[in-house]
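Scroll down for the structure; my scribbles are underneath it.
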Amino acid sequence: MPHPSEDTSCRISKPDGGVPTTLRVNGHRHVLTLDPRATLLDTLRDTLHLTGTKKGCDHGQCGACTVHVDSRRVNACLVLAVAAHDCDVTTIEGLGSPEALHPLQAAFVEHDGYQCGYCTAGQIMSAAALLHEPCGDSDDEVRELMSGNICRCGAYGNIIAAIQDVRGKR
Ligand code: FES
Ligand code: FES
């Protein structure tokens with residue numbers, strides 16, 4: 001029986017050279033070799049330098065890191081990058097461009113749906129997924145589906161107005 005300090009069974013070992021992983025991000029294919037412990041959030045920001053996706057809590061609580069994986073919204077801080085192998089990932093950089101804003105981006109500008117802007121990428125990525133999810137017409141139902149996205153500035157009223165505008169509900 002080994003002494004507890006000698007038991008290595010719980011240690012996470014990094015394979016030599018990392019894990020080969022292919023990510024398709026905003027239509028671009030990236031062939032990477034990743035630490036299996038790397039989150040999708042850190043990989044997007046630190047490896048691919050796509051810093052539009054923000055790190056707030058890093059614990060799945062704030063929604064600042066929301067991206068789409070195969071068209072579904074996820075908290076990128078809770079997804080291992082290797083788990084997104086061969087998936088299509090969309091970040092805020094892939095949603096629209098300064099010359100051709102996504103309708104939600106334009107609506108957030110028009111309705112002042114932000115103050116400091118730190119939560120905004122996550123809010124917009126969640127809202128973009130919501131457009132294709134079953135959601136009732138009311139503001140309350142949108143609030144419920146957006147409840148995973150926290151805004152410390154309290155811009156909620158204008159965020160809901162922007163989303164409802166794009167949905168044609170006001
Ligand atoms: S940083 Fe991912 S939910 Fe907060
Ligand atoms: S605009 Fe500042 S946290 Fe939402």
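Chain identifiers are assigned as A, B, and so on, following the order in which chains appear in the structure tokens; residues are numbered from 1 within each chain, and ligands are numbered from 1 in order of appearance.
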Given a cut-off of 10 Å, what residues near ligand 1 show up using only C-alpha atoms and all ligand atoms, put as a count of residues only?
27
Do you know which residues are at most 12 Å from A:Gly168 counting only C-alpha atoms, after dropping those on the same chain fewer than 2 positions away, and could you put them as a ChimeraX atom specification?
/A:103-104,107,131,137-139,161-166,170
Please, which residues of stretch 31-160 of chain A, numbered as in this document, come out strand (DSSP E) from DSSP, as a PyMOL selection string?
chain A and resi 31-34+66-69+72-75+88-90
Quick one: DSSP alpha helix (DSSP H) residues in stretch 21-124 of chain A, as a PyMOL selection string?
chain A and resi 40-42+92-95+103-110+120-124
Could you make a table, as a Markdown table, of the residues of chain A that have an atom within 7 Å of an atom of ligand 2, each with its nearest atom pair and distance in Å to one decimal, counting only C-alpha atoms and all ligand atoms, in chain and number order?
| residue | atom | partner | partner_atom_place_in_ligand_line | distance |
| --- | --- | --- | --- | --- |
| A:Tyr114 | CA | ligand 2 | 1 (S) | 3.9 |
| A:Gln115 | CA | ligand 2 | 1 (S) | 4.0 |
| A:Cys116 | CA | ligand 2 | 2 (Fe) | 3.9 |
| A:Gly117 | CA | ligand 2 | 1 (S) | 4.1 |
| A:Tyr118 | CA | ligand 2 | 3 (S) | 5.0 |
| A:Cys119 | CA | ligand 2 | 4 (Fe) | 4.3 |
| A:Thr120 | CA | ligand 2 | 4 (Fe) | 5.9 |
| A:Ile150 | CA | ligand 2 | 4 (Fe) | 6.9 |
| A:Cys151 | CA | ligand 2 | 4 (Fe) | 3.6 |
| A:Arg152 | CA | ligand 2 | 3 (S) | 4.1 |
| A:Cys153 | CA | ligand 2 | 2 (Fe) | 4.3 |
| A:Gly154 | CA | ligand 2 | 4 (Fe) | 6.4 |
| A:Ala155 | CA | ligand 2 | 1 (S) | 6.0 |
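Take the candidates A:His102, A:Arg72, A:Arg29, A:His111 and check each one against A:His85 using only C-alpha atoms; the shortest distance goes to A:Arg29.
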Counting only C-alpha atoms, give me one row per residue of stretch 85-150 of chain A with an atom at most 12 Å from an atom of stretch 45-50 of chain A, showing the shortest contact pair and its distance in Å to one decimal, sorted by chain then residue number, as CSV.
residue,atom,partner,partner_atom,distance
A:Val89,CA,A:Leu50,CA,11.8
A:Thr90,CA,A:Leu50,CA,10.7
A:Thr91,CA,A:Leu50,CA,8.0
A:Ile92,CA,A:Leu50,CA,8.9
A:Glu93,CA,A:Leu50,CA,7.4
A:Gly94,CA,A:Leu50,CA,10.0
A:Ala121,CA,A:Leu50,CA,11.8
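You can rank A:Arg143, A:Leu130, A:Thr39, A:Ala84 by their closest distance to A:Thr22 using only C-alpha atoms, and at the top of that list sits A:Ala84.
Separating atom CA of A:Asp86 from atom CA of A:Ser71 is a distance of 13.3 Å.
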